[in-house]
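A.B. asks: Here you go, one structure.
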Amino acid sequence: MSRLTVIGAGYVGLVTAACMAEIGHDVVGMDVDVERVRLLNEGHVPIYEPGLAELIEKNRERLTFTSDPIAAYREGEFIYVCVDTPPTYSGDADLSRVWQVIANLPPEDGHRVLVTKSTVPVGTGAAIQAELARRGYEHVAYASNPEFLREGTAIQDFLTPDRVVVGSDAPGIAERAAALYDPLGVTVLTTDVASAEMIKYASNAFLATKISFINEIANVCEVTGADVRTVAHGMGLDRRIGPHFLQAGIGYGGSCFPKDVSALKQLAGNSGYHFQLLTAVLEVNELQKRRVVGKLKRHLGDSLRGLRVALLGLSFKPNTDDIREASSIVLASRLLAEGVDVVAFDPVAVENTKAVLPTIGYADSAMEALEGADACVLVTEWPEFVHLDWARAKETMRRPVIIDGRNALDGKTLLGLGFTYEGVGVPITAA
Ligand SMILES: NC(=O)c1ccc[n+]([C@@H]2O[C@H](COP(=O)([O-])OP(=O)(O)OC[C@H]3O[C@@H](n4cnc5c(N)ncnc54)[C@H](O)[C@@H]3O)[C@@H](O)[C@H]2O)c1
């Protein structure tokens, strides 16, 4: 078993640290956020990810946390970079945190492998290797090991991945980094660094394209009378297409798809290639979030000013408290601009959202959010919303209008209860 240092204790870093400890490695997690490290050392997990707190607790013997970079860097034979790479105003990836990690690498003190798990544009690994060579850091080898986990199912994704990708340009390094995953018994693809970096971007861009594609099909279904759920099912039975990522809705969000699609588009542009398809994928997604406003107007009238609209769900998907690029944020802001009295509820994401949207109202439960509402928009398909007592909800709402942004509710039952129900790409009468 090996000694690992994991830099960055966010969604990817914490899951990597906990899972690597679970399969027997000794792990030190390091983060610049001193408060985050204090919480972790006191047994609190600062993010919501199912099963993570239990896994960290279970592996305490092999897992420690520190905010001291020198101590952490000296500990690991493998140093995993899991810091955030958010978008800049230009749509490129902000690599400042990655470069900060490189700058802090200690001089000669034994061989180490620096492994980048953060999503970084193609060419970053080459630039890092050039910088290491410039500084005479022959003791540090480099590998790219992009991460494919999904928030909400991150631990299962890490421990039973479809594949692990490890890229290196130096002989034997990819194989050494790949061997860390041996206890998982999974398919590990070893490649060069640039290809590993591109596999990550291309995968996310393809999945985002699938979503924008089915969302456009849904929009055409709305004007032609077809039902996108039936269409997606029929398409997905074709093994060349597959059933995944064909759920129409009010757009994708999260900390990965929006920024990664944008970063790949910019990367192509910066390299002299105009990636037309991705421009459309991004635009379709932006418009999709806003289409809800038109639907509300169709049912409530042209002016929404002064009306109360309840948003159920704020996180970008269920089982996470992550609200980065969530559809809820754009939608709530559009509704505020229309003069709507917005009230929202989410089982775990309210605190995070308050920092971004301080002026909307927050309820303590779904039922409280629906009290006196002129309409409800289901933004995130948390199970508790699907199983809500909708008959009671109808009594508490001022007007029984539901816009189901995820096609997650049982439209027929809701119509039967007397609701006006509209999904995405679903004929209103069929529901
Ligand atoms: N979140 C996901 O679902 C997911 C999935 C696959 C890949 N990724 C990629 O993984 C990377 C991390 O994403 P995340 O969602 O875990 O980010 P995050 O924002 O949740 O966590 C990043 C952590 O890094 C810390 N940090 C920043 N600079 C640091 C430094 N110099 N030294 C030590 N710690 C530092 C921050 O304090 C923060 O705790 C990103 O590149 C992202 O694109 C994310």
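Each chain in the structure tokens gets a letter, A, B and so on, in the order shown; residues start at 1 in every chain, and ligands are counted from 1 in the order they appear.
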Within 12 Å of Val27 in chain A, counting only C-alpha atoms, which residues show up once you throw out same-chain ones fewer than 5 positions away? Write them as a PDB file with N, CA, C and O atoms, in the first residue's frame, please.
C.D. replies:
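And here is the file that came out, out_13.pdb:
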ATOM      1  N   MET A   1       0.834  -1.204   0.000  1.00  0.00           N
ATOM      2  CA  MET A   1       0.000   0.000   0.000  1.00  0.00           C
ATOM      3  C   MET A   1       0.873   1.261   0.000  1.00  0.00           C
ATOM      4  O   MET A   1       2.011   1.218   0.451  1.00  0.00           O
ATOM      5  N   SER A   2       0.332   2.371  -0.483  1.00  0.00           N
ATOM      6  CA  SER A   2       1.157   3.572  -0.678  1.00  0.00           C
ATOM      7  C   SER A   2       0.718   4.710   0.232  1.00  0.00           C
ATOM      8  O   SER A   2      -0.370   4.678   0.812  1.00  0.00           O
ATOM      9  N   ARG A   3       1.597   5.725   0.303  1.00  0.00           N
ATOM     10  CA  ARG A   3       1.256   6.926   1.064  1.00  0.00           C
ATOM     11  C   ARG A   3       0.838   8.012   0.076  1.00  0.00           C
ATOM     12  O   ARG A   3       1.566   8.318  -0.877  1.00  0.00           O
ATOM     13  N   LEU A   4      -0.344   8.562   0.303  1.00  0.00           N
ATOM     14  CA  LEU A   4      -0.916   9.527  -0.637  1.00  0.00           C
ATOM     15  C   LEU A   4      -1.165  10.863   0.060  1.00  0.00           C
ATOM     16  O   LEU A   4      -1.628  10.887   1.215  1.00  0.00           O
ATOM     17  N   THR A   5      -0.899  11.954  -0.660  1.00  0.00           N
ATOM     18  CA  THR A   5      -1.317  13.273  -0.191  1.00  0.00           C
ATOM     19  C   THR A   5      -2.388  13.762  -1.160  1.00  0.00           C
ATOM     20  O   THR A   5      -2.203  13.684  -2.374  1.00  0.00           O
ATOM     21  N   VAL A   6      -3.508  14.211  -0.622  1.00  0.00           N
ATOM     22  CA  VAL A   6      -4.593  14.702  -1.479  1.00  0.00           C
ATOM     23  C   VAL A   6      -4.756  16.194  -1.211  1.00  0.00           C
ATOM     24  O   VAL A   6      -5.104  16.598  -0.095  1.00  0.00           O
ATOM     25  N   ILE A   7      -4.465  17.015  -2.211  1.00  0.00           N
ATOM     26  CA  ILE A   7      -4.532  18.471  -2.047  1.00  0.00           C
ATOM     27  C   ILE A   7      -5.909  18.969  -2.496  1.00  0.00           C
ATOM     28  O   ILE A   7      -6.289  18.799  -3.658  1.00  0.00           O
ATOM     29  N   ALA A   9      -9.711  19.601  -0.237  1.00  0.00           N
ATOM     30  CA  ALA A   9     -10.669  18.740   0.461  1.00  0.00           C
ATOM     31  C   ALA A   9     -12.090  19.152   0.107  1.00  0.00           C
ATOM     32  O   ALA A   9     -12.905  19.467   0.968  1.00  0.00           O
ATOM     33  N   GLY A  13     -11.691  15.854  -3.732  1.00  0.00           N
ATOM     34  CA  GLY A  13     -10.596  15.554  -2.824  1.00  0.00           C
ATOM     35  C   GLY A  13     -11.033  14.691  -1.652  1.00  0.00           C
ATOM     36  O   GLY A  13     -10.355  13.709  -1.303  1.00  0.00           O
ATOM     37  N   LEU A  14     -12.161  15.023  -1.038  1.00  0.00           N
ATOM     38  CA  LEU A  14     -12.601  14.252   0.124  1.00  0.00           C
ATOM     39  C   LEU A  14     -12.993  12.829  -0.265  1.00  0.00           C
ATOM     40  O   LEU A  14     -12.695  11.871   0.447  1.00  0.00           O
ATOM     41  N   VAL A  15     -13.675  12.710  -1.398  1.00  0.00           N
ATOM     42  CA  VAL A  15     -14.084  11.373  -1.844  1.00  0.00           C
ATOM     43  C   VAL A  15     -12.849  10.561  -2.222  1.00  0.00           C
ATOM     44  O   VAL A  15     -12.730   9.381  -1.867  1.00  0.00           O
ATOM     45  N   THR A  16     -11.892  11.184  -2.910  1.00  0.00           N
ATOM     46  CA  THR A  16     -10.647  10.494  -3.268  1.00  0.00           C
ATOM     47  C   THR A  16      -9.919  10.046  -2.001  1.00  0.00           C
ATOM     48  O   THR A  16      -9.491   8.889  -1.882  1.00  0.00           O
ATOM     49  N   ALA A  17      -9.786  10.965  -1.039  1.00  0.00           N
ATOM     50  CA  ALA A  17      -9.061  10.652   0.191  1.00  0.00           C
ATOM     51  C   ALA A  17      -9.744   9.502   0.934  1.00  0.00           C
ATOM     52  O   ALA A  17      -9.089   8.531   1.332  1.00  0.00           O
ATOM     53  N   ALA A  18     -11.058   9.591   1.090  1.00  0.00           N
ATOM     54  CA  ALA A  18     -11.784   8.566   1.856  1.00  0.00           C
ATOM     55  C   ALA A  18     -11.734   7.218   1.139  1.00  0.00           C
ATOM     56  O   ALA A  18     -11.524   6.178   1.774  1.00  0.00           O
ATOM     57  N   CYS A  19     -11.912   7.223  -0.166  1.00  0.00           N
ATOM     58  CA  CYS A  19     -11.952   5.953  -0.918  1.00  0.00           C
ATOM     59  C   CYS A  19     -10.558   5.334  -1.007  1.00  0.00           C
ATOM     60  O   CYS A  19     -10.417   4.111  -0.914  1.00  0.00           O
ATOM     61  N   MET A  20      -9.520   6.150  -1.172  1.00  0.00           N
ATOM     62  CA  MET A  20      -8.160   5.604  -1.224  1.00  0.00           C
ATOM     63  C   MET A  20      -7.783   5.009   0.137  1.00  0.00           C
ATOM     64  O   MET A  20      -7.083   4.002   0.211  1.00  0.00           O
ATOM     65  N   ALA A  21      -8.245   5.646   1.220  1.00  0.00           N
ATOM     66  CA  ALA A  21      -8.006   5.075   2.551  1.00  0.00           C
ATOM     67  C   ALA A  21      -8.792   3.772   2.690  1.00  0.00           C
ATOM     68  O   ALA A  21      -8.295   2.785   3.230  1.00  0.00           O
ATOM     69  N   GLU A  22     -10.004   3.770   2.172  1.00  0.00           N
ATOM     70  CA  GLU A  22     -10.861   2.577   2.250  1.00  0.00           C
ATOM     71  C   GLU A  22     -10.201   1.366   1.583  1.00  0.00           C
ATOM     72  O   GLU A  22     -10.327   0.237   2.057  1.00  0.00           O
ATOM     73  N   ILE A  56     -15.292   8.396   5.938  1.00  0.00           N
ATOM     74  CA  ILE A  56     -14.153   9.091   6.553  1.00  0.00           C
ATOM     75  C   ILE A  56     -13.958   8.566   7.972  1.00  0.00           C
ATOM     76  O   ILE A  56     -12.850   8.232   8.387  1.00  0.00           O
ATOM     77  N   ASN A  59     -12.387   5.150   8.273  1.00  0.00           N
ATOM     78  CA  ASN A  59     -10.981   5.012   7.874  1.00  0.00           C
ATOM     79  C   ASN A  59     -10.047   5.986   8.588  1.00  0.00           C
ATOM     80  O   ASN A  59      -8.945   6.262   8.101  1.00  0.00           O
ATOM     81  N   ARG A  60     -10.507   6.509   9.730  1.00  0.00           N
ATOM     82  CA  ARG A  60      -9.718   7.501  10.480  1.00  0.00           C
ATOM     83  C   ARG A  60      -8.267   7.065  10.721  1.00  0.00           C
ATOM     84  O   ARG A  60      -7.365   7.884  10.733  1.00  0.00           O
ATOM     85  N   GLU A  61      -8.067   5.775  10.902  1.00  0.00           N
ATOM     86  CA  GLU A  61      -6.722   5.269  11.180  1.00  0.00           C
ATOM     87  C   GLU A  61      -5.743   5.569  10.060  1.00  0.00           C
ATOM     88  O   GLU A  61      -4.554   5.748  10.282  1.00  0.00           O
ATOM     89  N   ARG A  62      -6.288   5.559   8.819  1.00  0.00           N
ATOM     90  CA  ARG A  62      -5.410   5.760   7.655  1.00  0.00           C
ATOM     91  C   ARG A  62      -5.619   7.127   6.994  1.00  0.00           C
ATOM     92  O   ARG A  62      -5.118   7.377   5.917  1.00  0.00           O
ATOM     93  N   LEU A  63      -6.386   8.007   7.656  1.00  0.00           N
ATOM     94  CA  LEU A  63      -6.769   9.260   7.000  1.00  0.00           C
ATOM     95  C   LEU A  63      -6.680  10.435   7.969  1.00  0.00           C
ATOM     96  O   LEU A  63      -7.390  10.476   8.978  1.00  0.00           O
ATOM     97  N   THR A  64      -5.788  11.389   7.677  1.00  0.00           N
ATOM     98  CA  THR A  64      -5.679  12.577   8.529  1.00  0.00           C
ATOM     99  C   THR A  64      -5.808  13.826   7.650  1.00  0.00           C
ATOM    100  O   THR A  64      -5.669  13.745   6.425  1.00  0.00           O
ATOM    101  N   PHE A  65      -6.050  14.963   8.274  1.00  0.00           N
ATOM    102  CA  PHE A  65      -6.207  16.212   7.524  1.00  0.00           C
ATOM    103  C   PHE A  65      -5.314  17.291   8.122  1.00  0.00           C
ATOM    104  O   PHE A  65      -5.136  17.356   9.333  1.00  0.00           O
ATOM    105  N   THR A  66      -4.785  18.134   7.254  1.00  0.00           N
ATOM    106  CA  THR A  66      -3.932  19.224   7.721  1.00  0.00           C
ATOM    107  C   THR A  66      -4.078  20.427   6.786  1.00  0.00           C
ATOM    108  O   THR A  66      -4.488  20.279   5.634  1.00  0.00           O
ATOM    109  N   ALA A  72       2.175  18.155   4.570  1.00  0.00           N
ATOM    110  CA  ALA A  72       1.359  17.285   3.707  1.00  0.00           C
ATOM    111  C   ALA A  72       2.157  16.821   2.489  1.00  0.00           C
ATOM    112  O   ALA A  72       2.143  15.639   2.141  1.00  0.00           O
ATOM    113  N   TYR A  73       2.872  17.732   1.855  1.00  0.00           N
ATOM    114  CA  TYR A  73       3.592  17.387   0.624  1.00  0.00           C
ATOM    115  C   TYR A  73       4.697  16.386   0.902  1.00  0.00           C
ATOM    116  O   TYR A  73       4.980  15.521   0.101  1.00  0.00           O
ATOM    117  N   GLU A  75       4.653  14.084   3.014  1.00  0.00           N
ATOM    118  CA  GLU A  75       4.089  12.796   3.426  1.00  0.00           C
ATOM    119  C   GLU A  75       3.899  11.825   2.245  1.00  0.00           C
ATOM    120  O   GLU A  75       4.169  10.638   2.366  1.00  0.00           O
ATOM    121  N   GLY A  76       3.432  12.339   1.100  1.00  0.00           N
ATOM    122  CA  GLY A  76       2.942  11.433   0.054  1.00  0.00           C
ATOM    123  C   GLY A  76       3.963  11.017  -0.999  1.00  0.00           C
ATOM    124  O   GLY A  76       4.739  11.834  -1.480  1.00  0.00           O
ATOM    125  N   GLU A  77       3.937   9.719  -1.355  1.00  0.00           N
ATOM    126  CA  GLU A  77       4.707   9.288  -2.537  1.00  0.00           C
ATOM    127  C   GLU A  77       3.956   9.753  -3.778  1.00  0.00           C
ATOM    128  O   GLU A  77       4.534  10.008  -4.829  1.00  0.00           O
ATOM    129  N   PHE A  78       2.634   9.792  -3.658  1.00  0.00           N
ATOM    130  CA  PHE A  78       1.782  10.294  -4.735  1.00  0.00           C
ATOM    131  C   PHE A  78       1.066  11.529  -4.202  1.00  0.00           C
ATOM    132  O   PHE A  78       0.483  11.481  -3.117  1.00  0.00           O
ATOM    133  N   ILE A  79       1.141  12.621  -4.950  1.00  0.00           N
ATOM    134  CA  ILE A  79       0.471  13.849  -4.516  1.00  0.00           C
ATOM    135  C   ILE A  79      -0.676  14.125  -5.495  1.00  0.00           C
ATOM    136  O   ILE A  79      -0.446  14.441  -6.666  1.00  0.00           O
ATOM    137  N   TYR A  80      -1.888  13.958  -5.021  1.00  0.00           N
ATOM    138  CA  TYR A  80      -3.069  14.162  -5.865  1.00  0.00           C
ATOM    139  C   TYR A  80      -3.526  15.615  -5.821  1.00  0.00           C
ATOM    140  O   TYR A  80      -3.757  16.166  -4.751  1.00  0.00           O
TER     141      TYR A  80
END
A.B. asks: Excluding range 204-206 of chain A and residues on its chain fewer than 4 positions from it, collect all residues at most 8 Å away from it, counting only C-alpha atoms, and give them as an MDAnalysis selection string.
C.D. replies: chainID A and resid 200 210 256:257 260:261 264 278
A.B. asks: Residues within 8 Å of ligand 1 should be enumerated using only C-alpha atoms and all ligand atoms and returned as number ranges by chain.
C.D. replies: A: 7-14, 30-33, 36, 67, 69, 82-86, 97-101, 117-120, 146-151, 154, 254-256, 259-260
A.B. asks: Could you make a table, as JSON lines, of the residues of range 248-294 of chain A that have an atom within 9 Å of an atom of range 373-382 of chain A, each with its nearest atom pair and distance in Å to one decimal, counting only C-alpha atoms, in chain and number order?
C.D. replies:
{"residue": "A:Gly249", "atom": "CA", "partner": "A:Val379", "partner_atom": "CA", "distance": 8.9}
{"residue": "A:Ile250", "atom": "CA", "partner": "A:Val379", "partner_atom": "CA", "distance": 7.6}
{"residue": "A:Val292", "atom": "CA", "partner": "A:Val377", "partner_atom": "CA", "distance": 8.1}
A.B. asks: Could you please determine the separation between CA of Leu246 in chain A and CA of Ile214 in chain A in Å, to one decimal place?
C.D. replies: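 CA of Ile214 in chain A lies at a distance of 5.7 Å from CA of Leu246 in chain A.
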A.B. asks: So, counting only C-alpha atoms, which residue among A:Pro383, A:Gly313, A:Gly339, A:Gly185 is closest to Thr160 in chain A?
C.D. replies: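 Of A:Pro383, A:Gly313, A:Gly339, A:Gly185, the one nearest Thr160 in chain A, counting only C-alpha atoms, is A:Gly185.
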A.B. asks: Which of these, A:His44, A:Arg298, A:Arg324, A:Arg38, has the shortest distance to Pro87 in chain A once you count only C-alpha atoms?
C.D. replies: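 Once distances to Pro87 in chain A are computed over only C-alpha atoms, the minimum belongs to A:Arg324.
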A.B. asks: Write down as a ChimeraX atom specification the residues of range 185-321 of chain A whose backbone DSSP state falls under helix (DSSP H, G or I).
C.D. replies: /A:193-224,228-236,257-270,276-300
A.B. asks: Which is closer to Ala391 in chain A than all the others in A:Leu52, A:Val37, A:Leu311, A:Met367, using only C-alpha atoms?
C.D. replies: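 Among the listed residues, A:Met367 lies closest to Ala391 in chain A.
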A.B. asks: Need the shell around Ala355 in chain A: protein/DNA/RNA residues with any atom at most 12 Å away, counting only C-alpha atoms. Skip same-chain ones fewer than 5 positions apart. Format as a PyMOL selection string?
C.D. replies: chain A and resi 323-324+329+349-350+360
A.B. asks: As a VMD selection string, please: every residue in range 345-410 of chain A that DSSP puts in strand (DSSP E).
C.D. replies: chain A and resid 345 361 to 362 375 to 378 401 to 404
A.B. asks: What is the distance between CA of Asn219 in chain A and CA of Gln266 in chain A, in Å to one decimal?
C.D. replies: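 Those two atoms sit 27.6 Å apart.
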A.B. asks: Which is closer to Val348 in chain A than all the others in A:Leu296, A:Ala369, A:Leu312, A:Val281, using only C-alpha atoms?
C.D. replies: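 Among the listed residues, A:Leu312 lies closest to Val348 in chain A.
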A.B. asks: Rank nothing, just name the residue among A:Ala326, A:Lys317, A:Leu180, A:Ala310 nearest to Phe345 in chain A, using only C-alpha atoms.
C.D. replies: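 Closest residue, counting only C-alpha atoms: A:Ala310.
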A.B. asks: Measuring between only C-alpha atoms, which one of A:Val340, A:Leu314, A:Leu357, A:Val28 shows the shortest distance to Gly405 in chain A?
C.D. replies: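 So, comparing all the options, the nearest one is A:Leu314.
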A.B. asks: Can you measure CA of Asn104 in chain A to CA of Arg135 in chain A for me? One decimal in Å is fine.
C.D. replies: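 One can read the CA of Asn104 in chain A to CA of Arg135 in chain A distance as 12.1 Å.
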